[in-house]
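Here is the structure we will look at.
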Amino acid sequence: MNKVYCFYALHYLFVLNSVLCRRSLAPFDVRIDHHKVETTNDLIVNTPRPRFSWKIPVSDDALQRNIHQAAYQIQLESIKLTAIEKPFRWDSECILSSASIHVPYTNKNDLLPSTYYRFRIRIWTTNSNESSQWTDWIQFRTPIFDLYRYIINEDDLNWIGSTKINMNELRKEFTVPNTSPVKSAFAYVSGLGYYEFYLNGNKVDLSRKLDPGWTTYELRTLLVAYDITSNITIGTNAIGIKLGNGWYSQEQHGESAYGPPRLLFTLFITFMNGDEVKVFSDQTWTGREGSIKHDSVYNGEFYDSRNDRPNWARPGFNDSLSAWIMPDLLPSPVNMSLGGIIIVQDMPPIRAGNDALHFEVSTDEQQRSYLKAEELGDIKGARLADGGVLKPINMWSSDSGLIIFDLGQNMAGWCRIKFRGPPGYGVYIRHGETITLPDIATNRSARNIYTENLRAATASDTYVLRGDPAGEVYEPTFTVHGFRYLSVFAPPNALTKDDVECPFVHSETTLKGSFSTSNPVVNQIQHNIQWGQLSNIMSLPTDCPQRNERRGWLGDAALSVDEALYNFDLIKFYQNFLNLIVDVQRPDGQVPNFVPGNSYPADSNWGTALPTITWQVYRHYHDLLTLESYYNNVVQYVEYLHNVYNTTGLVNFPIRYGDWVPPPPQPMTNKHLITSFGFLHDVYLLINMSQALSRKEDTNTYTILYQKLAEEFHRVFFNSSINSYADGMQAAQALALALPGVVPANVRSAVVDKLVADIRQNENHVTTGIVSTAQIYPVLSDNGYHDLALELISSTTYPSYGYMFTNRFENATTIWELWNAPLTGPGMNSRNHIMYGSVGAWFYSHLAGIDLSSNVLTIRPRMASEIKKHLMSKLDCQLSTLYGRVHVSYTRNEQDTAPKSILLRVTIPPNVQARVMFEPLFPGAQCQTLTENKKTIWSSHTSMMNVREFIVEKDSSNELMVVHVGSGHYEFHASWQ
Ligand SMILES: *[C@@H]1O[C@H](CO)[C@@H](O)[C@H](O)[C@H]1NC(C)=O
Ligand SMILES: *[C@@H]1O[C@H](CO)[C@@H](O)[C@H](O)[C@H]1NC(C)=O
Ligand SMILES: *[C@@H]1O[C@H](CO)[C@@H](O)[C@H](O)[C@H]1NC(C)=O
């Protein structure tokens, strides 16, 4: 692009807009390759061709509207070069474009591996002829893109550990010569199952936990990249590594027998004169059994602090008390002949406490337009905004002599506990989600910690004191528990609540959605979903964090992903999970029920994770490249289902879990219908994907297939004697209605009526399992029964979400696995499962009405009708998109006077076009007037006011009012009669 042309074009835009000119602020919340620059310390870009995203700042001036980007410029250059490296600089020059997300790097030269770069961005917007300020220079680095190609001599890549002793502490000293200044020191570390990395006495990156991410190790083992340039000293340095069993040990795994923990360590130090020093894991290291005598994800840790050697990771350490021996060379966990790879972990790590969660939306009252704190209801549980470290809210002694602490919130993590006592004194800590109820039949006493539902997971930590007179704090290293209560058996000293604090532990992410309403039941459900979702992102999406399971179940991941992506920034996390799925996809296209794992073939509503997550990541991030990356895998998977279908038809489509765990005593509906739904759903998604990627042939092929399947679904499962699907249960009607084109027009209202009648017959309760519960709320809202959907979600009697926290047994602060948790079990009865959290997507998509799926944002809050407006008279929802924050906030008419009205505040970020839609507030209502900021923009008398800024349309088929807006803050008032 020619600079002069750019100037005139921009000048022209400026004249068009004729807005006061002043140099605007720099773009903010910059991302490179999906990494948020602001919250990433060591920015590692694992691609030679990164993409950039940024947000356009707006001033507080609420009148600034319709701001679009007109042009951008990116400059990128290499920095910190050695004497032998050539400088590199790329200037995009001014590019006339409104693109502000996933903007590609376009230089013909790829970025080089192991290099520091910096970049900066500025933009021009349609309301100013001057460029914005530049962002600060943002530094990042590239890792080694391919370790095997980089290390010419494969003999340097040694895995070390021991088959003789429990070798879980390893150390190595090395010398850095004083010949030339150090340019960079990059370490790549993998220790399986888990490891911690220390350098010169300190842990590198303190809040990182449970590295590396859990994978199918023989096919993919993750290496964590560190920049320790500023920590290397001239002379002697020392590395210390702690190893844990993690998911590598058999204890969790059951199905495959891996060996003892092992370490791969590489460090590349580059000097300004081009010299290099390399340090590898090999038999020059020494190792011993450290203080951790046993560690297990399920069973906790046994820690004897008398074996601590404070200086073990410092240079010059000399230990006369324990035997440090030479490690063995152990086989690589990776099976190269199966195509296995060792690759840099390219997603945020698991972190503990405050560092685990960042915020793009604020949860404080000032940001909420209409809802005051006292209107939200009394939310049980801890606030995300209070930081990720919980303190006990209560403690007591149980009748069996345990000290019990209640954190008031179910979660995943562990506790730091301060003890004071004699050396050798052992304390035993257990974790549980609930406490026991008195039970006369079994003579069980009340208010003890309840652990039966953890099954074989003991979830217990044992700590042996070293006897420090000043007291000592124990915090486990290589385990994680799912719990709300902890018990300490026979502590050496009288503990108080102040002696206990428990970090919330999960994959690092950013809160991007906040949702609150005038309905306290809905608010508590939202709370439980957010805590439940965070508890279940532990390098991969898990079903639960507490019992001997915690697997990457595909069904649970597919059901929760839409909700998860509304609430949290998880693109890298789900890309990693998609990699884990396609790693184990078989040549015929099938995938297993959970990964890592080999339970083939998946039930279709489990395998759907591959198409569903691919599609949802695209829908939430508008990232075509991600869609493209997994598209062929999705095609192969759908072809696998197609192939199966060719022999079974829908009537016998293979079944496994069906509509899992409906509320007892309800039976499960026809399982073939449930799995057929999964197949049709995926074919339909594939049509959408092929359209997004302009693959016309596929669109044709799968449209034809879908039409055939839709017709067959109806023919096979419709039961004309009862004018509804299968046995007439809710699940069958909801799933048929959720599939486009399945229910013919002439029976549609009968099917909807059947669904509604069945809900009413059950006194406004669902009878649905996990698959159909995810569909029933949007189906009701989209088929004229939004009021009923609101009644269902507001229910507090069994079975309902509300029952989970209003029953007489326990106050759930996360989402249960079973609708009837307290009355069943204990075998399969987690109190922190995320699969039923699926309803959280409907909160954003229908209650707030934010639809992200097209290039034009749609805001269409679904309205309770006037007589049910007490169910939702106010709502406030903020959603941070890649363009900036969308804010939707409404309040219904407070007095019962005519005309009925709604006040709707909407904030649309720059560079976005939106349609704001107003639904009639009662059946047959007609819009009388529509005002914005007190100015009439439409009235039924004049049909259209002459307000240039707004295009207002009335949809005469359903009386919806539609206003087209650009960015800005709007305050609409719509009156209906
Ligand atoms: C490495 O250096 C950085 C910056 O000086 C410091 O914040 C960090 O704690 C150091 N890490 C270690 C392991 O010493
Ligand atoms: C299924 O059968 C149809 C013909 O009925 C055939 O065209 C198609 O290739 C088959 N698909 C698979 C995946 O086997
Ligand atoms: C649930 O919480 C309420 C306070 O909100 C409390 O009164 C009640 O005792 C709790 N129920 C149980 C079973 O803990």
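Naming works like this for the structure tokens: A, B, ... for the chains as they're shown, residue 1 at the start of each chain, ligands 1 onward in shown order.
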
Do you know which residues are within 7 Å of ligand 3 using only C-alpha atoms and all ligand atoms? Can you write them as a compact mmCIF listing (two decimals) with C-alpha atoms, in the first residue's frame?
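In the end it all went to selection_7.txt:
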# COMPACT_ATOMS: atom_id res chain seq x y z
CA LYS A 380 -23.51 -18.88 48.30
CA THR A 806 -31.90 -25.17 48.18
CA ARG A 808 -32.20 -29.55 53.05
CA PHE A 809 -28.98 -31.57 52.74
CA GLU A 810 -26.37 -29.29 51.24
CA ASN A 811 -25.87 -25.96 49.51

Would you tabulate, counting only C-alpha atoms and all ligand atoms, all residues of chain A that have an atom at most 7 Å from an atom of ligand 2, showing the closest pair of atoms and their distance in Å to one decimal, sorted by chain then ascending number, as a tab-separated table?
residue	atom	partner	partner_atom_place_in_ligand_line	distance
A:Glu639	CA	ligand 2	13 (C)	4.9
A:Tyr640	CA	ligand 2	13 (C)	6.2
A:His642	CA	ligand 2	13 (C)	4.7
A:Asn643	CA	ligand 2	13 (C)	3.8
A:Asn646	CA	ligand 2	1 (C)	4.8

*Can I get the residues close to ligand 1 as a ChimeraX atom specification, where close means within 9 Å and we count only C-alpha atoms and all ligand atoms?*
/A:197-206,227-232

Let me see the file: selected residues, N, CA and C atoms, as a PDB file, in the first residue's frame.
ATOM      1  N   PHE A 197      10.788 -27.025  38.338  1.00  0.00           N
ATOM      2  CA  PHE A 197      12.120 -26.621  37.873  1.00  0.00           C
ATOM      3  C   PHE A 197      12.661 -25.524  38.806  1.00  0.00           C
ATOM      4  N   TYR A 198      13.834 -25.782  39.381  1.00  0.00           N
ATOM      5  CA  TYR A 198      14.500 -24.802  40.264  1.00  0.00           C
ATOM      6  C   TYR A 198      15.826 -24.406  39.652  1.00  0.00           C
ATOM      7  N   LEU A 199      16.183 -23.150  39.864  1.00  0.00           N
ATOM      8  CA  LEU A 199      17.476 -22.678  39.375  1.00  0.00           C
ATOM      9  C   LEU A 199      18.135 -21.844  40.465  1.00  0.00           C
ATOM     10  N   ASN A 200      19.332 -22.194  40.795  1.00  0.00           N
ATOM     11  CA  ASN A 200      20.101 -21.462  41.806  1.00  0.00           C
ATOM     12  C   ASN A 200      19.272 -21.197  43.069  1.00  0.00           C
ATOM     13  N   GLY A 201      18.524 -22.200  43.456  1.00  0.00           N
ATOM     14  CA  GLY A 201      17.821 -22.143  44.739  1.00  0.00           C
ATOM     15  C   GLY A 201      16.363 -21.769  44.671  1.00  0.00           C
ATOM     16  N   ASN A 202      15.909 -21.166  43.566  1.00  0.00           N
ATOM     17  CA  ASN A 202      14.521 -20.708  43.503  1.00  0.00           C
ATOM     18  C   ASN A 202      13.742 -21.460  42.438  1.00  0.00           C
ATOM     19  N   LYS A 203      12.443 -21.605  42.714  1.00  0.00           N
ATOM     20  CA  LYS A 203      11.595 -22.215  41.701  1.00  0.00           C
ATOM     21  C   LYS A 203      11.416 -21.230  40.546  1.00  0.00           C
ATOM     22  N   VAL A 204      11.572 -21.716  39.332  1.00  0.00           N
ATOM     23  CA  VAL A 204      11.386 -20.863  38.165  1.00  0.00           C
ATOM     24  C   VAL A 204       9.880 -20.747  37.900  1.00  0.00           C
ATOM     25  N   ASP A 205       9.382 -19.541  37.872  1.00  0.00           N
ATOM     26  CA  ASP A 205       7.955 -19.252  37.652  1.00  0.00           C
ATOM     27  C   ASP A 205       7.094 -19.900  38.741  1.00  0.00           C
ATOM     28  N   LEU A 206       7.032 -19.201  39.856  1.00  0.00           N
ATOM     29  CA  LEU A 206       6.472 -19.755  41.097  1.00  0.00           C
ATOM     30  C   LEU A 206       5.061 -20.311  41.003  1.00  0.00           C
ATOM     31  N   ASP A 227      12.544 -18.859  29.685  1.00  0.00           N
ATOM     32  CA  ASP A 227      13.620 -17.911  29.426  1.00  0.00           C
ATOM     33  C   ASP A 227      14.272 -17.598  30.769  1.00  0.00           C
ATOM     34  N   ILE A 228      15.466 -18.119  30.995  1.00  0.00           N
ATOM     35  CA  ILE A 228      16.126 -17.880  32.281  1.00  0.00           C
ATOM     36  C   ILE A 228      17.369 -17.017  32.102  1.00  0.00           C
ATOM     37  N   THR A 229      17.366 -16.217  31.031  1.00  0.00           N
ATOM     38  CA  THR A 229      18.529 -15.376  30.730  1.00  0.00           C
ATOM     39  C   THR A 229      18.942 -14.522  31.933  1.00  0.00           C
ATOM     40  N   SER A 230      17.939 -13.909  32.593  1.00  0.00           N
ATOM     41  CA  SER A 230      18.307 -12.982  33.676  1.00  0.00           C
ATOM     42  C   SER A 230      18.693 -13.722  34.949  1.00  0.00           C
ATOM     43  N   ASN A 231      18.556 -15.029  34.987  1.00  0.00           N
ATOM     44  CA  ASN A 231      18.862 -15.779  36.194  1.00  0.00           C
ATOM     45  C   ASN A 231      20.183 -16.536  36.141  1.00  0.00           C
ATOM     46  N   ILE A 232      20.753 -16.583  34.963  1.00  0.00           N
ATOM     47  CA  ILE A 232      22.032 -17.270  34.819  1.00  0.00           C
ATOM     48  C   ILE A 232      23.137 -16.373  35.373  1.00  0.00           C
TER      49      ILE A 232
END

Once you count only C-alpha atoms, what closest atom pair and distance in Å to one decimal does each residue of range 545-633 of chain A within 10 Å of range 514-528 of chain A have, with rows by chain and rising residue number, as CSV?
residue,atom,partner,partner_atom,distance
A:Tyr566,CA,A:Ser514,CA,9.0
A:Asn567,CA,A:Ser514,CA,7.1
A:Phe568,CA,A:Ser514,CA,9.8

*as number ranges by chain, which residues of range 49-268 of chain A does DSSP assign to strand (DSSP E)?*
A: 51-55, 69-79, 89-91, 95-96, 103-104, 116-125, 138-141, 159-161, 169-176, 182-192, 194-199, 202-203, 208-209, 220-227, 235-244, 262-268

*Restricting the calculation to only C-alpha atoms, which member of A:Thr824, A:Gly884, A:Pro348, A:Leu321 is positioned closest to Asn41 in chain A?*
A:Pro348

*Which neighbours of Leu243 in chain A fall inside 10 Å, counting only C-alpha atoms, when residues of the same chain fewer than 5 positions from it are skipped, and could you give them as a PyMOL selection string?*
chain A and resi 161+166-170+190-197+260-263+289-290+292+295+477-478

*Which is closest to Leu739 in chain A among A:Phe119, A:Tyr706, A:Tyr450, A:Trp247, if we use only C-alpha atoms?*
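Counting only C-alpha atoms, the residue closest to Leu739 in chain A is A:Tyr706.
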
*Between A:Thr175, A:Thr47, A:Thr434, A:Ser162, which has the minimum distance to Val277 in chain A (counting only C-alpha atoms)?*
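Of A:Thr175, A:Thr47, A:Thr434, A:Ser162, the one nearest Val277 in chain A is A:Thr175, counting only C-alpha atoms.
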